[in-house]
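Engineer: Supplied structure: structure.txt, compact mmCIF, C-alpha atoms and all ligand atoms.
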# COMPACT_ATOMS: atom_id res chain seq x y z
CA MET Q 253 0.00 0.00 0.00
CA ASP Q 254 1.41 3.39 -0.89
CA SER Q 255 -0.08 5.79 1.62
CA THR Q 256 -0.31 4.27 5.09
CA ILE Q 257 -0.99 6.58 7.99
CA ASN Q 258 0.14 5.40 11.42
CA ASP Q 259 -2.10 7.45 13.67
CA GLY Q 260 -3.17 4.58 15.92
CA ARG Q 261 -6.61 4.49 14.31
CA ALA Q 262 -6.04 1.69 11.75
CA LEU Q 263 -8.55 -0.67 13.38
CA GLN Q 264 -11.18 2.06 13.72
CA ARG Q 265 -10.70 2.99 10.05
CA LEU Q 266 -11.28 -0.62 8.99
CA LEU Q 267 -14.39 -0.80 11.18
CA ASP Q 268 -15.69 2.46 9.65
CA GLU Q 269 -15.09 1.27 6.08
CA LEU Q 270 -16.65 -2.16 6.66
CA GLY Q 271 -19.63 -0.52 8.36
CA ARG Q 272 -20.31 1.49 5.20
CA LEU Q 273 -20.87 -1.70 3.15
CA PRO Q 274 -24.47 -2.74 2.42
CA GLY Q 275 -25.86 -5.28 4.86
CA ILE Q 276 -22.95 -4.96 7.29
CA GLY Q 277 -23.94 -3.60 10.71
CA PRO Q 278 -21.49 -2.69 13.52
CA LYS Q 279 -21.49 -6.28 14.84
CA SER Q 280 -20.64 -7.82 11.46
CA ALA Q 281 -18.00 -5.13 10.85
CA GLN Q 282 -16.36 -6.11 14.13
CA ARG Q 283 -16.50 -9.81 13.31
CA ILE Q 284 -14.86 -9.27 9.91
CA ALA Q 285 -12.24 -6.87 11.30
CA TYR Q 286 -11.20 -9.33 14.06
CA HIS Q 287 -11.18 -12.19 11.58
CA LEU Q 288 -8.77 -10.21 9.40
CA LEU Q 289 -6.59 -9.32 12.40
CA GLU Q 290 -6.23 -13.00 13.22
CA ALA Q 291 -5.82 -14.11 9.60
CA ASP Q 292 -2.38 -14.28 8.04
CA ALA Q 293 -1.11 -11.27 6.12
CA GLU Q 294 -1.49 -13.11 2.79
CA GLU Q 295 -5.25 -13.58 3.26
CA ALA Q 296 -5.71 -9.88 4.06
CA ARG Q 297 -3.56 -8.94 1.05
CA ARG Q 298 -5.65 -11.14 -1.28
CA LEU Q 299 -8.85 -9.42 -0.12
CA ALA Q 300 -7.34 -5.94 -0.53
CA MET Q 301 -6.04 -6.85 -4.02
CA ALA Q 302 -9.39 -8.34 -5.08
CA ILE Q 303 -11.12 -5.07 -4.15
CA LEU Q 304 -8.55 -2.93 -5.99
CA GLU Q 305 -8.54 -5.18 -9.07
CA VAL Q 306 -12.32 -5.18 -9.44
CA LYS Q 307 -12.25 -1.37 -9.42
CA GLN Q 308 -9.39 -1.21 -11.93
CA GLN Q 309 -10.47 -3.95 -14.33
CA VAL Q 310 -14.25 -4.02 -14.42
CA HIS Q 311 -16.06 -1.43 -16.52
CA PHE Q 312 -19.39 -1.08 -18.31
CA CYS Q 313 -19.81 -2.97 -21.59
CA PRO Q 314 -20.11 -0.30 -24.32
CA VAL Q 315 -22.85 -2.34 -26.05
CA CYS Q 316 -25.20 -3.51 -23.28
CA PHE Q 317 -23.90 -1.61 -20.18
CA SER Q 318 -23.49 -4.77 -18.13
CA TYR Q 319 -20.15 -5.33 -16.39
CA ALA Q 320 -17.21 -6.29 -18.59
CA THR Q 321 -13.57 -7.16 -17.97
CA ARG Q 322 -12.59 -7.19 -21.64
CA ASP Q 323 -13.70 -4.90 -24.52
CA THR Q 324 -17.28 -6.11 -24.32
CA CYS Q 325 -19.00 -8.31 -21.71
CA ASP Q 326 -18.93 -12.12 -21.93
CA VAL Q 327 -22.52 -12.28 -23.25
CA CYS Q 328 -21.99 -9.72 -26.05
CA ALA Q 329 -18.72 -11.45 -26.99
CA ASP Q 330 -20.31 -14.94 -27.12
CA VAL Q 331 -21.08 -15.77 -30.78
CA SER Q 332 -23.38 -18.63 -29.77
CA ARG Q 333 -25.93 -16.24 -28.17
CA ASP Q 334 -29.20 -15.57 -30.00
CA ARG Q 335 -28.74 -12.05 -31.40
CA SER Q 336 -32.40 -11.65 -32.38
CA SER Q 337 -33.50 -11.17 -28.78
CA ILE Q 338 -32.64 -8.50 -26.20
CA CYS Q 339 -33.65 -8.77 -22.55
CA VAL Q 340 -33.91 -5.34 -20.90
CA VAL Q 341 -33.05 -5.12 -17.20
CA SER Q 342 -32.45 -2.22 -14.85
CA GLU Q 343 -29.14 -3.25 -13.22
CA PRO Q 344 -26.15 -5.47 -14.11
CA ARG Q 345 -26.97 -7.76 -11.16
CA ASP Q 346 -30.26 -8.65 -12.89
CA VAL Q 347 -28.22 -10.09 -15.78
CA THR Q 348 -26.55 -12.41 -13.28
CA ALA Q 349 -29.96 -13.44 -11.86
CA ILE Q 350 -31.34 -14.28 -15.34
CA GLU Q 351 -28.14 -16.04 -16.44
CA ARG Q 352 -28.43 -18.26 -13.36
CA THR Q 353 -31.79 -19.60 -14.58
CA GLY Q 354 -30.22 -20.99 -17.77
CA SER Q 355 -33.57 -20.25 -19.48
CA TYR Q 356 -32.40 -17.38 -21.66
CA HIS Q 357 -29.86 -17.42 -24.49
CA GLY Q 358 -30.22 -13.99 -26.08
CA LEU Q 359 -28.52 -10.65 -25.43
CA TYR Q 360 -29.12 -8.06 -22.69
CA HIS Q 361 -29.47 -4.33 -22.31
CA VAL Q 362 -28.94 -2.71 -18.91
CA LEU Q 363 -30.83 0.55 -18.44
CA GLY Q 364 -28.80 1.71 -15.43
CA GLY Q 365 -31.91 2.34 -13.32
CA VAL Q 366 -35.65 2.79 -13.76
CA ILE Q 367 -37.93 5.70 -14.55
CA SER Q 368 -38.67 7.44 -11.25
CA PRO Q 369 -40.16 10.96 -11.39
CA MET Q 370 -39.67 11.31 -7.62
CA ASP Q 371 -35.90 10.91 -8.07
CA LYS Q 372 -35.96 13.00 -11.27
CA ILE Q 373 -34.98 9.97 -13.37
CA GLY Q 374 -36.56 9.96 -16.82
CA PRO Q 375 -35.73 7.99 -19.99
CA GLU Q 376 -32.95 10.51 -20.79
CA GLN Q 377 -31.07 9.49 -17.63
CA LEU Q 378 -31.19 5.80 -18.66
CA HIS Q 379 -29.58 3.92 -21.57
CA VAL Q 380 -32.81 4.07 -23.62
CA ARG Q 381 -31.35 5.90 -26.62
CA GLU Q 382 -28.63 3.23 -26.88
CA LEU Q 383 -31.30 0.50 -26.74
CA LEU Q 384 -33.28 2.09 -29.58
CA SER Q 385 -30.15 2.38 -31.72
CA ARG Q 386 -29.45 -1.34 -31.18
CA LEU Q 387 -32.91 -2.00 -32.67
CA ALA Q 388 -32.35 0.21 -35.70
CA ASP Q 389 -30.82 -2.36 -38.08
CA GLY Q 390 -33.79 -4.76 -37.80
CA SER Q 391 -31.73 -7.73 -36.58
CA VAL Q 392 -33.59 -7.85 -33.26
CA SER Q 393 -37.08 -9.38 -33.43
CA GLU Q 394 -37.97 -9.51 -29.71
CA VAL Q 395 -37.37 -7.28 -26.71
CA ILE Q 396 -38.14 -8.83 -23.32
CA LEU Q 397 -38.87 -6.27 -20.62
CA ALA Q 398 -37.47 -7.70 -17.40
CA THR Q 399 -37.62 -4.74 -15.04
CA ASN Q 400 -38.70 -5.49 -11.46
CA PRO Q 401 -42.43 -6.07 -10.82
CA ASP Q 402 -42.76 -2.88 -8.74
CA VAL Q 403 -44.22 0.56 -9.57
CA GLU Q 404 -41.08 2.03 -11.16
CA GLY Q 405 -40.33 -1.22 -13.00
CA GLU Q 406 -43.86 -1.32 -14.46
CA THR Q 407 -43.73 2.37 -15.42
CA THR Q 408 -40.42 1.78 -17.19
CA ALA Q 409 -41.76 -1.31 -19.00
CA THR Q 410 -44.89 0.56 -20.14
CA TYR Q 411 -42.81 3.45 -21.45
CA LEU Q 412 -40.43 1.14 -23.32
CA SER Q 413 -43.18 -0.92 -24.93
CA ARG Q 414 -44.75 2.31 -26.19
CA VAL Q 415 -41.54 3.47 -27.89
CA ILE Q 416 -40.39 0.06 -29.14
CA ARG Q 417 -43.63 -1.41 -30.59
CA PRO Q 418 -43.85 1.16 -33.45
CA LEU Q 419 -40.45 -0.14 -34.63
CA GLY Q 420 -42.11 -3.46 -35.53
CA VAL Q 421 -40.30 -5.38 -32.78
CA ARG Q 422 -42.21 -7.89 -30.66
CA VAL Q 423 -42.27 -6.66 -27.03
CA THR Q 424 -42.81 -9.13 -24.20
CA ARG Q 425 -42.90 -8.83 -20.42
CA LEU Q 426 -41.92 -11.47 -17.86
CA ALA Q 427 -44.95 -13.53 -16.85
CA SER Q 428 -46.55 -12.80 -13.52
CA GLY Q 429 -45.68 -15.15 -10.70
CA LEU Q 430 -42.78 -13.05 -9.54
CA PRO Q 431 -43.61 -11.53 -6.16
CA VAL Q 432 -45.14 -8.09 -6.75
CA GLY Q 433 -42.95 -5.32 -5.38
CA GLY Q 434 -40.13 -7.86 -5.23
CA ASP Q 435 -36.66 -7.72 -6.64
CA LEU Q 436 -35.70 -9.84 -9.67
CA GLU Q 437 -32.38 -10.44 -8.04
CA TYR Q 438 -33.94 -12.28 -5.10
CA ALA Q 439 -36.36 -14.43 -7.11
CA ASP Q 440 -35.40 -18.08 -7.06
CA GLU Q 441 -34.06 -19.55 -10.30
CA VAL Q 442 -37.08 -21.78 -10.98
CA THR Q 443 -39.61 -18.95 -10.57
CA LEU Q 444 -37.56 -16.53 -12.65
CA GLY Q 445 -36.88 -19.18 -15.30
CA ARG Q 446 -40.63 -19.89 -15.58
CA ALA Q 447 -41.39 -16.16 -15.79
CA ILE Q 448 -39.01 -15.90 -18.76
CA GLU Q 449 -40.40 -18.97 -20.54
CA ALA Q 450 -44.04 -17.86 -20.03
CA ARG Q 451 -43.40 -14.23 -21.04
CA GLN Q 452 -46.34 -12.46 -22.65
CA GLU Q 453 -46.64 -9.96 -25.44
CA VAL Q 454 -47.46 -6.43 -24.25
ZN ZN Q 501 -22.40 -6.46 -23.27
Could you spell out this file's structure in structure tokens?

Structural biologist:
Amino acid sequence: MDSTINDGRALQRLLDELGRLPGIGPKSAQRIAYHLLEADAEEARRLAMAILEVKQQVHFCPVCFSYATRDTCDVCADVSRDRSSICVVSEPRDVTAIERTGSYHGLYHVLGGVISPMDKIGPEQLHVRELLSRLADGSVSEVILATNPDVEGETTATYLSRVIRPLGVRVTRLASGLPVGGDLEYADEVTLGRAIEARQEV
């Protein structure tokens, strides 16, 4: 590490940083910090390196805006994927959730959020323009709207179906059965896989 400060607060700094992570309360932060104190230096170094490397090497795919470690993401780079279908999700973690089902073999498009007037997020703040330009050459015949089944997710899906349908592309939405107000990410693989297979035209 290049800039270490020895002010006697190293442990407190680690506790503060761990406590900022999602889902980690003060108790968990303490447990992790003491685990690292007792672990050998190599284990701590591997964790520190993994964090730095993910920040240095992972970027957004310029095609679908999912995470990528090479020029484009693994899905966009995979020639065996069905290029006539694009599944639209709000966040990169939703791609992981759908990939886990094994029920989908097309491409993805990550919006980078959902339409939310309360948070001043409209279509212009999302990767909608890039989605429409991917549809321009006519090679895509179906767009599956896989935003979460909550208010913002439904608003976003309704907006997208309205702008995509006039392009002559079939627009489908995940079948119901996903818990309303729930998060795609937390749906079990079987439920999510069924929702993809039973998708309906909107
Ligand atoms: Zn991609």

Engineer: Could you list, as a PDB file with C-alpha atoms, in the frame of the given file, all the residues within 8 Å of ligand ZN 501 (chain Q), counting all atoms listed in the file?

Structural biologist:
ATOM      1  CA  PHE Q 312     -19.390  -1.080 -18.310  1.00  0.00           C
ATOM      2  CA  CYS Q 313     -19.810  -2.970 -21.590  1.00  0.00           C
ATOM      3  CA  PRO Q 314     -20.110  -0.300 -24.320  1.00  0.00           C
ATOM      4  CA  VAL Q 315     -22.850  -2.340 -26.050  1.00  0.00           C
ATOM      5  CA  CYS Q 316     -25.200  -3.510 -23.280  1.00  0.00           C
ATOM      6  CA  PHE Q 317     -23.900  -1.610 -20.180  1.00  0.00           C
ATOM      7  CA  SER Q 318     -23.490  -4.770 -18.130  1.00  0.00           C
ATOM      8  CA  TYR Q 319     -20.150  -5.330 -16.390  1.00  0.00           C
ATOM      9  CA  ALA Q 320     -17.210  -6.290 -18.590  1.00  0.00           C
ATOM     10  CA  THR Q 324     -17.280  -6.110 -24.320  1.00  0.00           C
ATOM     11  CA  CYS Q 325     -19.000  -8.310 -21.710  1.00  0.00           C
ATOM     12  CA  ASP Q 326     -18.930 -12.120 -21.930  1.00  0.00           C
ATOM     13  CA  VAL Q 327     -22.520 -12.280 -23.250  1.00  0.00           C
ATOM     14  CA  CYS Q 328     -21.990  -9.720 -26.050  1.00  0.00           C
ATOM     15  CA  ALA Q 329     -18.720 -11.450 -26.990  1.00  0.00           C
ATOM     16  CA  LEU Q 359     -28.520 -10.650 -25.430  1.00  0.00           C
ATOM     17  CA  TYR Q 360     -29.120  -8.060 -22.690  1.00  0.00           C
ATOM     18  CA  HIS Q 361     -29.470  -4.330 -22.310  1.00  0.00           C
TER      19      HIS Q 361
END

Engineer: Per residue of segment 277-380 of chain Q within 12 Å of segment 436-451 of chain Q, note the shortest atom pair and the distance in Å to one decimal, counting all atoms listed in the file, and order the rows by chain and increasing residue number, as a tab-separated table.

Structural biologist:
residue	atom	partner	partner_atom	distance
Q:Cys339	CA	Q:Ile448	CA	9.7
Q:Val340	CA	Q:Ile448	CA	11.9
Q:Val341	CA	Q:Leu436	CA	9.3
Q:Ser342	CA	Q:Leu436	CA	9.8
Q:Glu343	CA	Q:Glu437	CA	9.4
Q:Pro344	CA	Q:Glu437	CA	10.0
Q:Arg345	CA	Q:Glu437	CA	6.8
Q:Asp346	CA	Q:Glu437	CA	5.6
Q:Val347	CA	Q:Glu437	CA	8.8
Q:Thr348	CA	Q:Glu437	CA	8.1
Q:Ala349	CA	Q:Glu437	CA	5.4
Q:Ile350	CA	Q:Leu444	CA	7.1
Q:Glu351	CA	Q:Glu441	CA	9.2
Q:Arg352	CA	Q:Glu441	CA	6.5
Q:Thr353	CA	Q:Glu441	CA	4.8
Q:Gly354	CA	Q:Gly445	CA	7.3
Q:Ser355	CA	Q:Gly445	CA	5.4
Q:Tyr356	CA	Q:Ile448	CA	7.4
Q:His357	CA	Q:Ile448	CA	10.9
Q:Gly358	CA	Q:Ile448	CA	11.6

Engineer: Just C-alpha atoms for this one: save the residues we selected as a CSV table (one decimal), keeping the file's coordinate frame.

Structural biologist:
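And here's result.csv as it stands now:
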chain,number,residue,atom,x,y,z
Q,339,CYS,CA,-33.6,-8.8,-22.6
Q,340,VAL,CA,-33.9,-5.3,-20.9
Q,341,VAL,CA,-33.0,-5.1,-17.2
Q,342,SER,CA,-32.4,-2.2,-14.8
Q,343,GLU,CA,-29.1,-3.2,-13.2
Q,344,PRO,CA,-26.2,-5.5,-14.1
Q,345,ARG,CA,-27.0,-7.8,-11.2
Q,346,ASP,CA,-30.3,-8.6,-12.9
Q,347,VAL,CA,-28.2,-10.1,-15.8
Q,348,THR,CA,-26.6,-12.4,-13.3
Q,349,ALA,CA,-30.0,-13.4,-11.9
Q,350,ILE,CA,-31.3,-14.3,-15.3
Q,351,GLU,CA,-28.1,-16.0,-16.4
Q,352,ARG,CA,-28.4,-18.3,-13.4
Q,353,THR,CA,-31.8,-19.6,-14.6
Q,354,GLY,CA,-30.2,-21.0,-17.8
Q,355,SER,CA,-33.6,-20.2,-19.5
Q,356,TYR,CA,-32.4,-17.4,-21.7
Q,357,HIS,CA,-29.9,-17.4,-24.5
Q,358,GLY,CA,-30.2,-14.0,-26.1

Engineer: So the first atom is atom CA of Arg283 of chain Q and the second is atom CA of Gln309 of chain Q; what is the distance between them in Å, to one decimal place?

Structural biologist: 28.9 Å

Engineer: Please provide as a ChimeraX atom specification all residues within 12 Å of Ala300 of chain Q, with the sequence filter that same-chain residues fewer than 6 positions apart are discarded (counting all atoms listed in the file).

Structural biologist: /Q:253,266,288,293-294,306-307

Engineer: For the atom pair atom CA of Val454 of chain Q and atom CA of Ser413 of chain Q, what is the interatomic distance in Å to one decimal place?

Structural biologist: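 Here the two named atoms are 7.0 Å from each other.
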
Engineer: Can you work out which one of Q:Gly364, Q:Ile338, Q:Arg333, Q:Arg414 has the shortest atom-to-atom distance to Glu376 of chain Q, counting only C-alpha atoms?

Structural biologist: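 Going through Q:Gly364, Q:Ile338, Q:Arg333, Q:Arg414 one by one, the smallest distance to Glu376 of chain Q is for Q:Gly364.
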
Engineer: What does the structure give for the distance between atom CA of Arg425 of chain Q and atom CA of Leu397 of chain Q, in Å to one decimal?

Structural biologist: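 If I compute the distance from atom CA of Arg425 of chain Q to atom CA of Leu397 of chain Q, I get 4.8 Å.
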
Engineer: Give the answer as one residue: which of Q:Ser336, Q:Thr408, Q:Gln264, Q:Ser368 has the shortest atom-to-atom distance to Asp389 of chain Q, using all atoms listed in the file?

Structural biologist: Q:Ser336

Engineer: Using all atoms listed in the file, which residues sit within 9 Å of segment 419-424 of chain Q once same-chain residues fewer than 5 positions away are excluded, as a compact mmCIF listing (two decimals) with C-alpha atoms, keeping the file's coordinate frame?

Structural biologist:
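Output saved as around.txt:
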# COMPACT_ATOMS: atom_id res chain seq x y z
CA LEU Q 387 -32.91 -2.00 -32.67
CA ALA Q 388 -32.35 0.21 -35.70
CA GLY Q 390 -33.79 -4.76 -37.80
CA VAL Q 392 -33.59 -7.85 -33.26
CA SER Q 393 -37.08 -9.38 -33.43
CA GLU Q 394 -37.97 -9.51 -29.71
CA VAL Q 395 -37.37 -7.28 -26.71
CA ILE Q 396 -38.14 -8.83 -23.32
CA LEU Q 397 -38.87 -6.27 -20.62
CA ALA Q 398 -37.47 -7.70 -17.40
CA LEU Q 412 -40.43 1.14 -23.32
CA SER Q 413 -43.18 -0.92 -24.93
CA ARG Q 451 -43.40 -14.23 -21.04
CA GLN Q 452 -46.34 -12.46 -22.65
CA GLU Q 453 -46.64 -9.96 -25.44
CA VAL Q 454 -47.46 -6.43 -24.25
